[in-house]
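The next block holds one structure in the form of C-alpha cells; read it before the comments.
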Amino acid sequence: MKRTDYISWDEYFMSVAVLASMRSKDPNTQVGACIVGDDKRIISTGYNGFPRGCSDDEFPWNREGGETETKYPYVVHAELNAILNAGGRNLAGSKLYVALFPCNECAKAIIQAGIKEVIYLSDKYNGTPSFIASRRMLGAAGIKLTKFEPEKDGIEIKFR
C-alpha cells in the first residue's frame, strides 16, 4: 500500500519557491519563485537579490534614505530572476509559484513571458498602487491568479 502522507504538487512547488527565498540575503523581505511547465517539471527558480557582479556587501539593503541609498533601484525580484534564470527557454503556458504576489514590474515580465497562472502565498501589499496595477494588468492579460492555501503549517526538511 502506498504512502498517504505525501505532499501535493502545489505544496511541492510552493515549497521550492519558499526554499529559494532562503537564498535571499535581504534582511527584511525574502521572496522565492518557481516556474513549472505543463509536464510538472521545474523550469527555473529565482529569489530577490542583486544582479550578478553586484556585491551583497557593497550595495545597500536599506529601505529608507535617498533613492540610490536604498535597495529598491538595485534588487532583482524573485519572479524576474526566475524568468531570466530560465535562459531563454519558452515559458508560454507555464505556472509561476511565488511567495509574494507580484508587483507591477514583475507582472509585465510575467505577461511578456507567456506565463498562464500565478500561484502566490502572501498578498500583504494588496491595495497598494503597485499591486492594484499588477492585478489589473494580469487580469487584462487573462492570467489566472490563485491564492495558495496550505493545508499544513509547513514542511520539514531533514538532512540527517
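Letters A, B, ... go to the chains of the C-alpha cells in the order shown; residues in each chain start at 1; ligands are counted from 1 in the same order.
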As a ChimeraX atom specification, please: every residue in segment 22-109 of chain A that a backbone DSSP assignment puts in alpha helix (DSSP H).
/A:78-85,104-109
Store the residues picked out above in a file with C-alpha atoms, as an mmCIF file, in the first residue's frame.
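Ended up saving to again-v1.cif:
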```cif
data_model
loop_
_atom_site.group_PDB
_atom_site.id
_atom_site.type_symbol
_atom_site.label_atom_id
_atom_site.label_comp_id
_atom_site.auth_asym_id
_atom_site.auth_seq_id
_atom_site.Cartn_x
_atom_site.Cartn_y
_atom_site.Cartn_z
ATOM 1 C CA ALA A 78 12.314 36.706 -7.467
ATOM 2 C CA GLU A 79 9.843 36.470 -10.360
ATOM 3 C CA LEU A 80 12.088 38.345 -12.799
ATOM 4 C CA ASN A 81 15.109 36.374 -11.613
ATOM 5 C CA ALA A 82 13.254 33.109 -12.281
ATOM 6 C CA ILE A 83 12.263 34.311 -15.767
ATOM 7 C CA LEU A 84 15.843 35.384 -16.528
ATOM 8 C CA ASN A 85 17.290 32.193 -14.994
ATOM 9 C CA ASN A 104 3.553 45.762 -11.350
ATOM 10 C CA GLU A 105 7.072 45.484 -12.812
ATOM 11 C CA CYS A 106 7.156 41.714 -12.376
ATOM 12 C CA ALA A 107 3.611 41.482 -13.744
ATOM 13 C CA LYS A 108 4.853 42.983 -17.023
ATOM 14 C CA ALA A 109 7.607 40.358 -17.275
#
```
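Within segment 1-159 of chain A, DSSP run on the backbone puts these residues in strand (DSSP E): A:Gly32, A:Ala33, A:Cys34, A:Ile35, A:Val36, A:Ile42, A:Ile43, A:Ser44, A:Thr45, A:Gly46, A:Tyr47, A:Lys95, A:Leu96, A:Tyr97, A:Val98, A:Ala99, A:Leu100, A:Glu117, A:Val118, A:Ile119, A:Tyr120, A:Leu121, A:Ser122, A:Lys144, A:Leu145, A:Thr146, A:Lys147.
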Hey, what's within 10 Å of Glu11 of chain A if we count only C-alpha atoms and toss same-chain stuff fewer than 5 positions away? As an MDAnalysis selection string, please?
chainID A and resid 6 16:17 97 148:152 154:155
Do a neighbour search on Pro60 of chain A at 7 Å with only C-alpha atoms, toss out local chain neighbours closer than 5 positions, and write the hits as an mmCIF file with C-alpha atoms, in the first residue's frame.
```cif
data_model
loop_
_atom_site.group_PDB
_atom_site.id
_atom_site.type_symbol
_atom_site.label_atom_id
_atom_site.label_comp_id
_atom_site.auth_asym_id
_atom_site.auth_seq_id
_atom_site.Cartn_x
_atom_site.Cartn_y
_atom_site.Cartn_z
ATOM 1 C CA GLU A 69 20.894 54.656 -0.924
ATOM 2 C CA THR A 70 18.117 52.043 -0.732
ATOM 3 C CA LYS A 71 17.866 48.543 -2.136
#
```
Suppose you want the space between atom CA of Pro51 of chain A and atom CA of Pro102 of chain A; what is it in Å?
18.5 Å
Hey, which of A:Phe101, A:Gly65, A:Phe59, A:Gly87 ends up closest to Ala113 of chain A? Count only C-alpha atoms.
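Using only C-alpha atoms, the shortest distance to Ala113 of chain A belongs to A:Gly87.
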Enter the distance from atom CA of Leu121 of chain A to atom CA of Lys2 of chain A, in Å, rounded to one decimal.
29.1 Å
A:Leu145, A:Ile42, A:Met14, A:Val76 ranked by distance to Val118 of chain A, top pick (using only C-alpha atoms):
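Going through A:Leu145, A:Ile42, A:Met14, A:Val76 one by one, the smallest distance to Val118 of chain A is for A:Leu145.
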Have a look at A:Ile132, A:Ile115, A:Ile43, A:Val75 and name the one nearest to Ser24 of chain A; count only C-alpha atoms.
A:Val75
From A:Gly46, A:Asp26, A:Tyr12, A:Ala33, residue lying nearest Asn62 of chain A [only C-alpha atoms]:
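Result for the nearest residue to Asn62 of chain A: A:Asp26.
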